[in-house]
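Below: model03.pdb (PDB, C-alpha atoms, pLDDT in the B column)
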```
ATOM      1  CA  MET A   1      -2.084  14.049 -16.197  1.00 46.00           C
ATOM      2  CA  GLY A   2       0.245  17.022 -16.284  1.00 47.00           C
ATOM      3  CA  ARG A   3       1.894  16.591 -12.900  1.00 50.00           C
ATOM      4  CA  ALA A   4       5.498  17.738 -12.681  1.00 54.00           C
ATOM      5  CA  MET A   5       7.885  14.955 -11.733  1.00 74.00           C
ATOM      6  CA  THR A   6       9.627  15.647  -8.452  1.00 90.00           C
ATOM      7  CA  GLU A   7      12.993  14.165  -7.510  1.00 95.00           C
ATOM      8  CA  PRO A   8      12.159  11.278  -5.156  1.00 97.00           C
ATOM      9  CA  LYS A   9      13.015  12.087  -1.560  1.00 96.00           C
ATOM     10  CA  PRO A  10      12.718  10.050   1.648  1.00 98.00           C
ATOM     11  CA  LYS A  11       9.814  10.591   4.024  1.00 97.00           C
ATOM     12  CA  VAL A  12       8.694   9.362   7.433  1.00 98.00           C
ATOM     13  CA  VAL A  13       5.372  10.789   8.639  1.00 98.00           C
ATOM     14  CA  HIS A  14       2.201   9.688  10.383  1.00 98.00           C
ATOM     15  CA  TYR A  15      -0.666   9.592   7.908  1.00 98.00           C
ATOM     16  CA  MET A  16      -2.871  11.746  10.147  1.00 98.00           C
ATOM     17  CA  LYS A  17      -0.446  14.635   9.695  1.00 98.00           C
ATOM     18  CA  ILE A  18      -1.346  14.778   6.016  1.00 98.00           C
ATOM     19  CA  ASP A  19      -4.476  16.789   5.288  1.00 97.00           C
ATOM     20  CA  GLY A  20      -7.480  15.021   3.846  1.00 97.00           C
ATOM     21  CA  LYS A  21      -9.263  16.532   0.860  1.00 97.00           C
ATOM     22  CA  PRO A  22     -12.926  15.984  -0.016  1.00 97.00           C
ATOM     23  CA  ALA A  23     -13.153  13.228  -2.602  1.00 97.00           C
ATOM     24  CA  GLY A  24     -15.879  14.966  -4.614  1.00 95.00           C
ATOM     25  CA  GLU A  25     -19.631  15.289  -4.878  1.00 95.00           C
ATOM     26  CA  ASP A  26     -20.010  11.704  -6.056  1.00 96.00           C
ATOM     27  CA  ALA A  27     -18.289  10.477  -2.879  1.00 97.00           C
ATOM     28  CA  PRO A  28     -20.375  11.815   0.038  1.00 97.00           C
ATOM     29  CA  GLY A  29     -18.615  11.733   3.400  1.00 98.00           C
ATOM     30  CA  THR A  30     -15.306  10.739   1.840  1.00 98.00           C
ATOM     31  CA  THR A  31     -11.874  12.333   2.108  1.00 98.00           C
ATOM     32  CA  ILE A  32      -8.533  11.362   0.553  1.00 98.00           C
ATOM     33  CA  ARG A  33      -5.065  11.784   2.033  1.00 98.00           C
ATOM     34  CA  TRP A  34      -2.298  11.489  -0.581  1.00 98.00           C
ATOM     35  CA  ILE A  35       0.287   9.964   1.741  1.00 98.00           C
ATOM     36  CA  ILE A  36       2.937   9.127  -0.909  1.00 98.00           C
ATOM     37  CA  ASP A  37       2.457  11.141  -4.068  1.00 98.00           C
ATOM     38  CA  GLU A  38       4.203  12.427  -7.160  1.00 97.00           C
ATOM     39  CA  GLU A  39       4.182  16.154  -6.537  1.00 96.00           C
ATOM     40  CA  ASN A  40       5.716  16.181  -3.062  1.00 96.00           C
ATOM     41  CA  ASP A  41       7.494  12.833  -2.815  1.00 98.00           C
ATOM     42  CA  GLY A  42       8.371  11.986  -6.422  1.00 97.00           C
ATOM     43  CA  ALA A  43       6.798   8.532  -6.266  1.00 98.00           C
ATOM     44  CA  PRO A  44       7.724   7.030  -9.652  1.00 97.00           C
ATOM     45  CA  ASN A  45       5.439   3.999  -9.963  1.00 98.00           C
ATOM     46  CA  CYS A  46       2.872   3.688  -7.193  1.00 96.00           C
ATOM     47  CA  VAL A  47       0.901   6.396  -5.450  1.00 98.00           C
ATOM     48  CA  MET A  48      -0.491   5.676  -1.984  1.00 98.00           C
ATOM     49  CA  ARG A  49      -3.604   7.270  -0.521  1.00 98.00           C
ATOM     50  CA  VAL A  50      -5.663   6.812   2.675  1.00 98.00           C
ATOM     51  CA  ILE A  51      -9.373   7.006   1.966  1.00 98.00           C
ATOM     52  CA  GLU A  52     -11.675   7.795   4.887  1.00 98.00           C
ATOM     53  CA  VAL A  53     -15.420   7.251   4.590  1.00 98.00           C
ATOM     54  CA  GLU A  54     -17.719   8.578   7.302  1.00 98.00           C
ATOM     55  CA  PRO A  55     -20.735   6.560   8.531  1.00 98.00           C
ATOM     56  CA  GLY A  56     -23.347   6.639   5.773  1.00 98.00           C
ATOM     57  CA  GLY A  57     -20.784   7.666   3.168  1.00 98.00           C
ATOM     58  CA  HIS A  58     -19.540   5.884   0.077  1.00 98.00           C
ATOM     59  CA  THR A  59     -17.327   6.267  -2.969  1.00 98.00           C
ATOM     60  CA  PRO A  60     -18.782   6.373  -6.496  1.00 98.00           C
ATOM     61  CA  ASP A  61     -20.034   3.216  -8.191  1.00 98.00           C
ATOM     62  CA  HIS A  62     -17.760   3.495 -11.218  1.00 97.00           C
ATOM     63  CA  THR A  63     -15.247   1.838 -13.527  1.00 98.00           C
ATOM     64  CA  HIS A  64     -11.876   3.017 -14.833  1.00 97.00           C
ATOM     65  CA  GLN A  65      -8.890   1.636 -16.692  1.00 97.00           C
ATOM     66  CA  PHE A  66      -6.494   1.283 -13.755  1.00 98.00           C
ATOM     67  CA  GLU A  67      -6.425  -0.948 -10.716  1.00 98.00           C
ATOM     68  CA  HIS A  68      -6.921  -0.378  -6.974  1.00 98.00           C
ATOM     69  CA  GLU A  69      -4.903  -2.145  -4.305  1.00 98.00           C
ATOM     70  CA  ASN A  70      -6.427  -1.755  -0.833  1.00 99.00           C
ATOM     71  CA  PHE A  71      -5.643  -2.583   2.777  1.00 99.00           C
ATOM     72  CA  VAL A  72      -8.255  -1.808   5.449  1.00 98.00           C
ATOM     73  CA  ILE A  73      -6.846   0.187   8.375  1.00 98.00           C
ATOM     74  CA  GLU A  74      -9.879   0.563  10.635  1.00 98.00           C
ATOM     75  CA  GLY A  75     -13.665   0.549  10.739  1.00 98.00           C
ATOM     76  CA  ARG A  76     -16.245  -1.602   8.993  1.00 98.00           C
ATOM     77  CA  GLY A  77     -17.124  -1.303   5.336  1.00 98.00           C
ATOM     78  CA  ARG A  78     -18.239  -3.047   2.211  1.00 98.00           C
ATOM     79  CA  VAL A  79     -16.835  -3.184  -1.281  1.00 98.00           C
ATOM     80  CA  LEU A  80     -18.717  -3.756  -4.522  1.00 98.00           C
ATOM     81  CA  ILE A  81     -16.657  -5.546  -7.171  1.00 98.00           C
ATOM     82  CA  GLY A  82     -18.561  -6.312 -10.346  1.00 98.00           C
ATOM     83  CA  ASP A  83     -21.983  -7.307  -8.963  1.00 97.00           C
ATOM     84  CA  ASN A  84     -20.773  -8.702  -5.622  1.00 97.00           C
ATOM     85  CA  TRP A  85     -20.598  -6.948  -2.268  1.00 98.00           C
ATOM     86  CA  SER A  86     -18.043  -8.134   0.310  1.00 98.00           C
ATOM     87  CA  ASP A  87     -17.810  -7.144   3.980  1.00 98.00           C
ATOM     88  CA  LEU A  88     -14.553  -5.517   5.064  1.00 99.00           C
ATOM     89  CA  GLY A  89     -12.753  -4.966   8.345  1.00 98.00           C
ATOM     90  CA  PRO A  90      -9.213  -4.202   9.528  1.00 98.00           C
ATOM     91  CA  GLY A  91      -6.542  -6.260   7.789  1.00 98.00           C
ATOM     92  CA  ASP A  92      -8.647  -7.087   4.757  1.00 99.00           C
ATOM     93  CA  VAL A  93      -6.947  -6.820   1.384  1.00 99.00           C
ATOM     94  CA  VAL A  94      -8.813  -5.887  -1.823  1.00 98.00           C
ATOM     95  CA  PHE A  95      -7.591  -6.004  -5.412  1.00 98.00           C
ATOM     96  CA  VAL A  96      -9.822  -4.383  -8.036  1.00 98.00           C
ATOM     97  CA  PRO A  97      -8.357  -4.895 -11.523  1.00 98.00           C
ATOM     98  CA  ALA A  98      -8.712  -2.248 -14.211  1.00 98.00           C
ATOM     99  CA  GLY A  99     -12.052  -2.174 -15.999  1.00 98.00           C
ATOM    100  CA  ILE A 100     -14.153  -3.651 -13.171  1.00 98.00           C
ATOM    101  CA  ARG A 101     -17.033  -1.759 -11.557  1.00 98.00           C
ATOM    102  CA  HIS A 102     -16.427  -0.968  -7.868  1.00 98.00           C
ATOM    103  CA  SER A 103     -17.586   1.106  -4.912  1.00 98.00           C
ATOM    104  CA  TYR A 104     -16.614   1.293  -1.231  1.00 98.00           C
ATOM    105  CA  ALA A 105     -19.108   2.097   1.537  1.00 98.00           C
ATOM    106  CA  ASN A 106     -18.979   2.560   5.285  1.00 98.00           C
ATOM    107  CA  ALA A 107     -21.007  -0.182   6.988  1.00 98.00           C
ATOM    108  CA  GLY A 108     -20.468   0.857  10.603  1.00 98.00           C
ATOM    109  CA  GLU A 109     -20.771   3.712  13.046  1.00 98.00           C
ATOM    110  CA  LEU A 110     -17.138   4.818  13.043  1.00 98.00           C
ATOM    111  CA  PRO A 111     -14.928   6.088  10.216  1.00 98.00           C
ATOM    112  CA  PHE A 112     -13.950   3.431   7.666  1.00 98.00           C
ATOM    113  CA  LYS A 113     -10.335   3.915   6.563  1.00 98.00           C
ATOM    114  CA  PHE A 114      -8.371   2.046   3.934  1.00 98.00           C
ATOM    115  CA  LEU A 115      -5.229   2.366   1.901  1.00 98.00           C
ATOM    116  CA  CYS A 116      -5.702   2.711  -1.839  1.00 98.00           C
ATOM    117  CA  THR A 117      -2.667   2.372  -4.090  1.00 98.00           C
ATOM    118  CA  ILE A 118      -2.920   3.347  -7.765  1.00 98.00           C
ATOM    119  CA  PRO A 119      -0.389   3.681 -10.600  1.00 98.00           C
ATOM    120  CA  SER A 120       1.441   6.976 -10.978  1.00 97.00           C
ATOM    121  CA  SER A 121       0.365   9.248 -13.805  1.00 96.00           C
ATOM    122  CA  ARG A 122       3.106   8.038 -16.186  1.00 95.00           C
ATOM    123  CA  LEU A 123       1.637   4.510 -15.931  1.00 97.00           C
ATOM    124  CA  MET A 124      -1.978   5.572 -16.380  1.00 96.00           C
ATOM    125  CA  PRO A 125      -3.647   4.446 -19.597  1.00 90.00           C
ATOM    126  CA  LYS A 126      -3.869   7.275 -22.091  1.00 84.00           C
ATOM    127  CA  ALA A 127      -7.375   8.277 -23.093  1.00 65.00           C
TER     128      ALA A 127
ATOM    129  CA  MET B   1      12.452 -11.450 -13.243  1.00 46.00           C
ATOM    130  CA  GLY B   2      10.855 -14.233 -15.287  1.00 47.00           C
ATOM    131  CA  ARG B   3       7.452 -14.239 -13.625  1.00 50.00           C
ATOM    132  CA  ALA B   4       4.560 -15.227 -15.863  1.00 54.00           C
ATOM    133  CA  MET B   5       1.931 -12.511 -16.216  1.00 74.00           C
ATOM    134  CA  THR B   6      -1.420 -13.618 -14.890  1.00 90.00           C
ATOM    135  CA  GLU B   7      -4.719 -12.119 -16.015  1.00 95.00           C
ATOM    136  CA  PRO B   8      -5.695  -9.670 -13.242  1.00 97.00           C
ATOM    137  CA  LYS B   9      -8.559 -10.976 -11.128  1.00 96.00           C
ATOM    138  CA  PRO B  10     -10.421  -9.471  -8.173  1.00 98.00           C
ATOM    139  CA  LYS B  11      -9.599 -10.550  -4.640  1.00 97.00           C
ATOM    140  CA  VAL B  12     -10.913  -9.909  -1.127  1.00 98.00           C
ATOM    141  CA  VAL B  13      -8.988 -11.691   1.643  1.00 98.00           C
ATOM    142  CA  HIS B  14      -7.653 -11.054   5.140  1.00 98.00           C
ATOM    143  CA  TYR B  15      -3.874 -10.725   5.027  1.00 98.00           C
ATOM    144  CA  MET B  16      -3.423 -13.322   7.785  1.00 98.00           C
ATOM    145  CA  LYS B  17      -4.885 -15.964   5.481  1.00 98.00           C
ATOM    146  CA  ILE B  18      -1.878 -15.582   3.186  1.00 98.00           C
ATOM    147  CA  ASP B  19       1.129 -17.634   4.272  1.00 97.00           C
ATOM    148  CA  GLY B  20       4.284 -15.810   5.278  1.00 97.00           C
ATOM    149  CA  LYS B  21       7.604 -16.945   3.862  1.00 97.00           C
ATOM    150  CA  PRO B  22      10.976 -16.461   5.565  1.00 97.00           C
ATOM    151  CA  ALA B  23      12.609 -13.356   4.126  1.00 97.00           C
ATOM    152  CA  GLY B  24      16.093 -14.901   4.006  1.00 95.00           C
ATOM    153  CA  GLU B  25      19.211 -15.395   6.089  1.00 95.00           C
ATOM    154  CA  ASP B  26      20.045 -11.692   5.969  1.00 96.00           C
ATOM    155  CA  ALA B  27      16.644 -10.871   7.535  1.00 97.00           C
ATOM    156  CA  PRO B  28      16.553 -12.759  10.852  1.00 97.00           C
ATOM    157  CA  GLY B  29      13.084 -13.101  12.376  1.00 98.00           C
ATOM    158  CA  THR B  30      11.417 -11.701   9.264  1.00 98.00           C
ATOM    159  CA  THR B  31       8.639 -13.136   7.092  1.00 98.00           C
ATOM    160  CA  ILE B  32       6.949 -11.759   3.973  1.00 98.00           C
ATOM    161  CA  ARG B  33       3.343 -12.212   2.905  1.00 98.00           C
ATOM    162  CA  TRP B  34       2.784 -11.363  -0.784  1.00 98.00           C
ATOM    163  CA  ILE B  35      -0.773 -10.078  -0.376  1.00 98.00           C
ATOM    164  CA  ILE B  36      -1.238  -8.696  -3.926  1.00 98.00           C
ATOM    165  CA  ASP B  37       1.209 -10.240  -6.365  1.00 98.00           C
ATOM    166  CA  GLU B  38       1.824 -10.933 -10.026  1.00 97.00           C
ATOM    167  CA  GLU B  39       1.651 -14.701 -10.110  1.00 96.00           C
ATOM    168  CA  ASN B  40      -1.707 -15.182  -8.384  1.00 96.00           C
ATOM    169  CA  ASP B  41      -3.421 -11.816  -8.799  1.00 98.00           C
ATOM    170  CA  GLY B  42      -1.913 -10.391 -11.976  1.00 97.00           C
ATOM    171  CA  ALA B  43      -0.960  -7.086 -10.345  1.00 98.00           C
ATOM    172  CA  PRO B  44       0.321  -5.028 -13.294  1.00 97.00           C
ATOM    173  CA  ASN B  45       2.149  -2.120 -11.652  1.00 97.00           C
ATOM    174  CA  CYS B  46       2.419  -2.371  -7.878  1.00 96.00           C
ATOM    175  CA  VAL B  47       3.025  -5.425  -5.732  1.00 98.00           C
ATOM    176  CA  MET B  48       1.920  -5.323  -2.085  1.00 98.00           C
ATOM    177  CA  ARG B  49       3.530  -7.288   0.727  1.00 98.00           C
ATOM    178  CA  VAL B  50       3.130  -7.447   4.513  1.00 98.00           C
ATOM    179  CA  ILE B  51       6.488  -7.721   6.249  1.00 98.00           C
ATOM    180  CA  GLU B  52       6.514  -9.084   9.806  1.00 98.00           C
ATOM    181  CA  VAL B  53       9.605  -8.705  11.989  1.00 98.00           C
ATOM    182  CA  GLU B  54       9.786 -10.549  15.288  1.00 98.00           C
ATOM    183  CA  PRO B  55      11.275  -8.907  18.412  1.00 98.00           C
ATOM    184  CA  GLY B  56      15.034  -8.697  17.917  1.00 98.00           C
ATOM    185  CA  GLY B  57      14.697  -9.177  14.159  1.00 98.00           C
ATOM    186  CA  HIS B  58      15.559  -6.887  11.296  1.00 98.00           C
ATOM    187  CA  THR B  59      15.738  -6.664   7.508  1.00 98.00           C
ATOM    188  CA  PRO B  60      19.072  -6.306   5.681  1.00 98.00           C
ATOM    189  CA  ASP B  61      20.926  -2.999   5.642  1.00 98.00           C
ATOM    190  CA  HIS B  62      21.030  -2.681   1.862  1.00 97.00           C
ATOM    191  CA  THR B  63      20.424  -0.555  -1.219  1.00 98.00           C
ATOM    192  CA  HIS B  64      18.664  -1.342  -4.505  1.00 97.00           C
ATOM    193  CA  GLN B  65      17.394   0.472  -7.568  1.00 97.00           C
ATOM    194  CA  PHE B  66      13.684   0.496  -6.745  1.00 98.00           C
ATOM    195  CA  GLU B  67      11.630   2.243  -4.098  1.00 98.00           C
ATOM    196  CA  HIS B  68       9.720   1.081  -1.012  1.00 98.00           C
ATOM    197  CA  GLU B  69       6.379   2.517   0.075  1.00 98.00           C
ATOM    198  CA  ASN B  70       5.441   1.510   3.619  1.00 98.00           C
ATOM    199  CA  PHE B  71       2.553   1.813   6.042  1.00 99.00           C
ATOM    200  CA  VAL B  72       2.970   0.491   9.588  1.00 98.00           C
ATOM    201  CA  ILE B  73       0.166  -1.855  10.654  1.00 98.00           C
ATOM    202  CA  GLU B  74       1.165  -2.738  14.218  1.00 98.00           C
ATOM    203  CA  GLY B  75       4.043  -2.940  16.651  1.00 98.00           C
ATOM    204  CA  ARG B  76       7.031  -0.693  17.247  1.00 98.00           C
ATOM    205  CA  GLY B  77      10.005  -0.460  14.938  1.00 98.00           C
ATOM    206  CA  ARG B  78      12.749   1.678  13.485  1.00 98.00           C
ATOM    207  CA  VAL B  79      13.801   2.424   9.948  1.00 98.00           C
ATOM    208  CA  LEU B  80      17.246   3.388   8.716  1.00 98.00           C
ATOM    209  CA  ILE B  81      17.176   5.674   5.677  1.00 98.00           C
ATOM    210  CA  GLY B  82      20.604   6.816   4.548  1.00 98.00           C
ATOM    211  CA  ASP B  83      22.358   7.403   7.880  1.00 97.00           C
ATOM    212  CA  ASN B  84      19.272   8.336   9.904  1.00 97.00           C
ATOM    213  CA  TRP B  85      17.143   6.097  12.108  1.00 98.00           C
ATOM    214  CA  SER B  86      13.470   7.002  12.690  1.00 98.00           C
ATOM    215  CA  ASP B  87      11.075   5.463  15.213  1.00 98.00           C
ATOM    216  CA  LEU B  88       7.931   3.870  13.767  1.00 98.00           C
ATOM    217  CA  GLY B  89       4.515   2.925  15.091  1.00 98.00           C
ATOM    218  CA  PRO B  90       1.057   2.169  13.679  1.00 98.00           C
ATOM    219  CA  GLY B  91      -0.052   4.616  11.002  1.00 98.00           C
ATOM    220  CA  ASP B  92       3.434   5.793  10.113  1.00 99.00           C
ATOM    221  CA  VAL B  93       4.211   6.146   6.415  1.00 99.00           C
ATOM    222  CA  VAL B  94       7.705   5.619   4.974  1.00 98.00           C
ATOM    223  CA  PHE B  95       8.963   6.363   1.477  1.00 98.00           C
ATOM    224  CA  VAL B  96      12.429   5.036   0.593  1.00 98.00           C
ATOM    225  CA  PRO B  97      13.417   6.152  -2.926  1.00 98.00           C
ATOM    226  CA  ALA B  98      15.516   3.938  -5.175  1.00 98.00           C
ATOM    227  CA  GLY B  99      19.238   3.957  -4.482  1.00 98.00           C
ATOM    228  CA  ILE B 100      19.043   4.863  -0.784  1.00 98.00           C
ATOM    229  CA  ARG B 101      20.395   2.589   1.963  1.00 98.00           C
ATOM    230  CA  HIS B 102      17.691   1.273   4.290  1.00 98.00           C
ATOM    231  CA  SER B 103      16.866  -1.289   6.969  1.00 98.00           C
ATOM    232  CA  TYR B 104      13.827  -1.974   9.170  1.00 98.00           C
ATOM    233  CA  ALA B 105      14.113  -3.339  12.727  1.00 98.00           C
ATOM    234  CA  ASN B 106      11.710  -4.373  15.449  1.00 98.00           C
ATOM    235  CA  ALA B 107      12.075  -2.038  18.442  1.00 98.00           C
ATOM    236  CA  GLY B 108       9.472  -3.588  20.731  1.00 98.00           C
ATOM    237  CA  GLU B 109       8.354  -6.815  22.351  1.00 98.00           C
ATOM    238  CA  LEU B 110       5.576  -7.713  19.925  1.00 98.00           C
ATOM    239  CA  PRO B 111       5.668  -8.396  16.182  1.00 98.00           C
ATOM    240  CA  PHE B 112       6.334  -5.330  14.031  1.00 98.00           C
ATOM    241  CA  LYS B 113       4.224  -5.438  10.866  1.00 98.00           C
ATOM    242  CA  PHE B 114       4.219  -3.068   7.911  1.00 98.00           C
ATOM    243  CA  LEU B 115       3.042  -2.914   4.355  1.00 98.00           C
ATOM    244  CA  CYS B 116       5.746  -2.694   1.703  1.00 98.00           C
ATOM    245  CA  THR B 117       4.750  -1.866  -1.863  1.00 98.00           C
ATOM    246  CA  ILE B 118       7.286  -2.279  -4.667  1.00 98.00           C
ATOM    247  CA  PRO B 119       7.080  -2.018  -8.469  1.00 98.00           C
ATOM    248  CA  SER B 120       6.049  -5.113 -10.413  1.00 97.00           C
ATOM    249  CA  SER B 121       8.781  -6.985 -12.278  1.00 96.00           C
ATOM    250  CA  ARG B 122       8.045  -5.269 -15.611  1.00 95.00           C
ATOM    251  CA  LEU B 123       8.843  -1.915 -13.953  1.00 97.00           C
ATOM    252  CA  MET B 124      11.996  -3.094 -12.205  1.00 96.00           C
ATOM    253  CA  PRO B 125      15.241  -1.566 -13.488  1.00 90.00           C
ATOM    254  CA  LYS B 126      17.125  -3.968 -15.713  1.00 83.00           C
ATOM    255  CA  ALA B 127      20.538  -5.002 -14.410  1.00 65.00           C
TER     256      ALA B 127
END
```

Please rewrite the model in this file as structure tokens.
Amino acid sequence: MGRAMTEPKPKVVHYMKIDGKPAGEDAPGTTIRWIIDEENDGAPNCVMRVIEVEPGGHTPDHTHQFEHENFVIEGRGRVLIGDNWSDLGPGDVVFVPAGIRHSYANAGELPFKFLCTIPSSRLMPKA
Amino acid sequence: MGRAMTEPKPKVVHYMKIDGKPAGEDAPGTTIRWIIDEENDGAPNCVMRVIEVEPGGHTPDHTHQFEHENFVIEGRGRVLIGDNWSDLGPGDVVFVPAGIRHSYANAGELPFKFLCTIPSSRLMPKA
């Protein structure tokens, strides 16, 4: 993935102080905050993001060879795993193993926010 | 660590439906919920726990050779990293690199709850 490894250093910060970046054209209304990352924090194994989906927005319906570990922070949403949709609200936990189709959508009228942890680049499957 | 590797399987569950276990005698008033684990879920890289500290409780002041990645869910607390204490509330993010002294304490009158992600056993440093 080509990211330089940074020496790990401690951090305490509110997630809203970290800028969100648009998640891409295939994720309308969706931003990602990289709250514990490799480049700035030197996270060696797990990378933590906050994903925010606006009302009407969703993430791509796709599949990849690494897992997602999610915790819903606020709002109402839905997750597709394989062929099954599940409703989500604050405190819900989602585990999407590698190789399984998935998509997240806002199902309410307020922002839908959830944590999404993925492996660091050194642990990503090589293409 | 001797844990059997389970085939990863999808999960959607509210974290409160997962039983909390006492965190040990050196963590008074503290329970741990293993919300995405190796034994039941087959998490390959990152293991996710919810740590709940009652008022007056705290986790041990200790050091180990793996990192913590935290997100505060609710309540008021404090974290010691090295020699510095920081106040914590909902939405705060904490990264404690491997090898740095740390402790978490409740600083309020309600339960203090935070996510704590650690590497899976296969990624843990060997003694």

On this structure, the ChimeraX specification (/B :<7) & /A would catch which residues? List them as a ChimeraX atom specification, sorted by chain and number.
/A:8-15,45-46,91-97,119

C-alpha atoms of the current selection, written as a JSON list (two decimals), in the frame of the given file:
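As a result, part-v8.json now contains:
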```json
[["chain", "number", "residue", "atom", "x", "y", "z"],
["A", 8, "PRO", "CA", 12.16, 11.28, -5.16],
["A", 9, "LYS", "CA", 13.02, 12.09, -1.56],
["A", 10, "PRO", "CA", 12.72, 10.05, 1.65],
["A", 11, "LYS", "CA", 9.81, 10.59, 4.02],
["A", 12, "VAL", "CA", 8.69, 9.36, 7.43],
["A", 13, "VAL", "CA", 5.37, 10.79, 8.64],
["A", 14, "HIS", "CA", 2.20, 9.69, 10.38],
["A", 15, "TYR", "CA", -0.67, 9.59, 7.91],
["A", 45, "ASN", "CA", 5.44, 4.00, -9.96],
["A", 46, "CYS", "CA", 2.87, 3.69, -7.19],
["A", 91, "GLY", "CA", -6.54, -6.26, 7.79],
["A", 92, "ASP", "CA", -8.65, -7.09, 4.76],
["A", 93, "VAL", "CA", -6.95, -6.82, 1.38],
["A", 94, "VAL", "CA", -8.81, -5.89, -1.82],
["A", 95, "PHE", "CA", -7.59, -6.00, -5.41],
["A", 96, "VAL", "CA", -9.82, -4.38, -8.04],
["A", 97, "PRO", "CA", -8.36, -4.89, -11.52],
["A", 119, "PRO", "CA", -0.39, 3.68, -10.60]]
```

Using all atoms listed in the file, which of the listed residues (B:Ser121, B:Thr6, B:Ser103, B:Asn40) sits closest to Asp61 (chain B)?
B:Ser103

In Å to one decimal, how far is CA of Pro28 (chain A) from CA of Val53 (chain A)?
8.1 Å

Quick check on the file I pasted: which residues fall under the PyMOL selection byres ((chain B and resi 62) around 7)? Write them as a list in words.
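Applying the expression gives Pro60, Asp61, Thr63, His64, Arg101, His102 and Ser103 of chain B.
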
Expressed in Å to a single decimal, how great is the separation between CA of Ala105 (chain B) and CA of Trp85 (chain B)?
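Result for CA of Ala105 (chain B) versus CA of Trp85 (chain B): 9.9 Å, one decimal.
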
Using only C-alpha atoms, the shortest atom-to-atom distance to Arg49 (chain A) among A:Gly20, A:Pro111, A:Pro125, A:Gly99 belongs to A:Gly20

Pro55 (chain B): which residues within 8 Å, counting all atoms listed in the file, same-chain residues fewer than 3 positions away excluded, as a count of residues only?
8

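If you look at CA of Leu80 (chain A) and CA of Ile32 (chain A), they are 18.9 Å away from each other.
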
Using only C-alpha atoms, determine which residues lie at most 7 Å from Arg33 (chain A), disregarding the query and same-chain residues fewer than 5 positions distant; provide the list as a PDB file with C-alpha atoms, keeping the file's coordinate frame.
```pdb
ATOM      1  CA  ILE A  18      -1.346  14.778   6.016  1.00 98.00           C
ATOM      2  CA  ASP A  19      -4.476  16.789   5.288  1.00 97.00           C
ATOM      3  CA  GLY A  20      -7.480  15.021   3.846  1.00 97.00           C
ATOM      4  CA  LYS A  21      -9.263  16.532   0.860  1.00 97.00           C
ATOM      5  CA  ARG A  49      -3.604   7.270  -0.521  1.00 98.00           C
ATOM      6  CA  VAL A  50      -5.663   6.812   2.675  1.00 98.00           C
ATOM      7  CA  ILE A  51      -9.373   7.006   1.966  1.00 98.00           C
TER       8      ILE A  51
END
```

Can you rebuild region 104-117 of chain B with N, CA and C atoms and give it as a short mmCIF file (atom, residue, chain, number, x, y, z; two decimals), keeping the file's coordinate frame?
```
data_model
loop_
_atom_site.label_atom_id
_atom_site.label_comp_id
_atom_site.auth_asym_id
_atom_site.auth_seq_id
_atom_site.Cartn_x
_atom_site.Cartn_y
_atom_site.Cartn_z
N TYR B 104 14.94 -2.07 8.22
CA TYR B 104 13.83 -1.97 9.17
C TYR B 104 14.12 -2.92 10.33
N ALA B 105 13.86 -2.49 11.56
CA ALA B 105 14.11 -3.34 12.73
C ALA B 105 12.94 -3.28 13.69
N ASN B 106 12.68 -4.39 14.37
CA ASN B 106 11.71 -4.37 15.45
C ASN B 106 12.33 -3.65 16.64
N ALA B 107 11.57 -2.77 17.29
CA ALA B 107 12.08 -2.04 18.44
C ALA B 107 11.18 -2.27 19.66
N GLY B 108 10.38 -3.33 19.63
CA GLY B 108 9.47 -3.59 20.73
C GLY B 108 9.48 -5.04 21.15
N GLU B 109 8.43 -5.45 21.83
CA GLU B 109 8.35 -6.82 22.35
C GLU B 109 7.23 -7.61 21.71
N LEU B 110 6.63 -7.04 20.69
CA LEU B 110 5.58 -7.71 19.92
C LEU B 110 5.99 -7.69 18.45
N PRO B 111 5.33 -8.46 17.61
CA PRO B 111 5.67 -8.40 16.18
C PRO B 111 5.49 -6.98 15.62
N PHE B 112 6.38 -6.62 14.72
CA PHE B 112 6.33 -5.33 14.03
C PHE B 112 5.93 -5.64 12.59
N LYS B 113 4.78 -5.09 12.18
CA LYS B 113 4.22 -5.44 10.87
C LYS B 113 4.01 -4.17 10.04
N PHE B 114 4.43 -4.23 8.78
CA PHE B 114 4.22 -3.07 7.91
C PHE B 114 3.99 -3.51 6.48
N LEU B 115 3.22 -2.72 5.78
CA LEU B 115 3.04 -2.91 4.36
C LEU B 115 4.28 -2.42 3.61
N CYS B 116 4.61 -3.10 2.53
CA CYS B 116 5.75 -2.69 1.70
C CYS B 116 5.37 -2.91 0.24
N THR B 117 5.11 -1.81 -0.45
CA THR B 117 4.75 -1.87 -1.86
C THR B 117 6.00 -1.60 -2.71
#
```
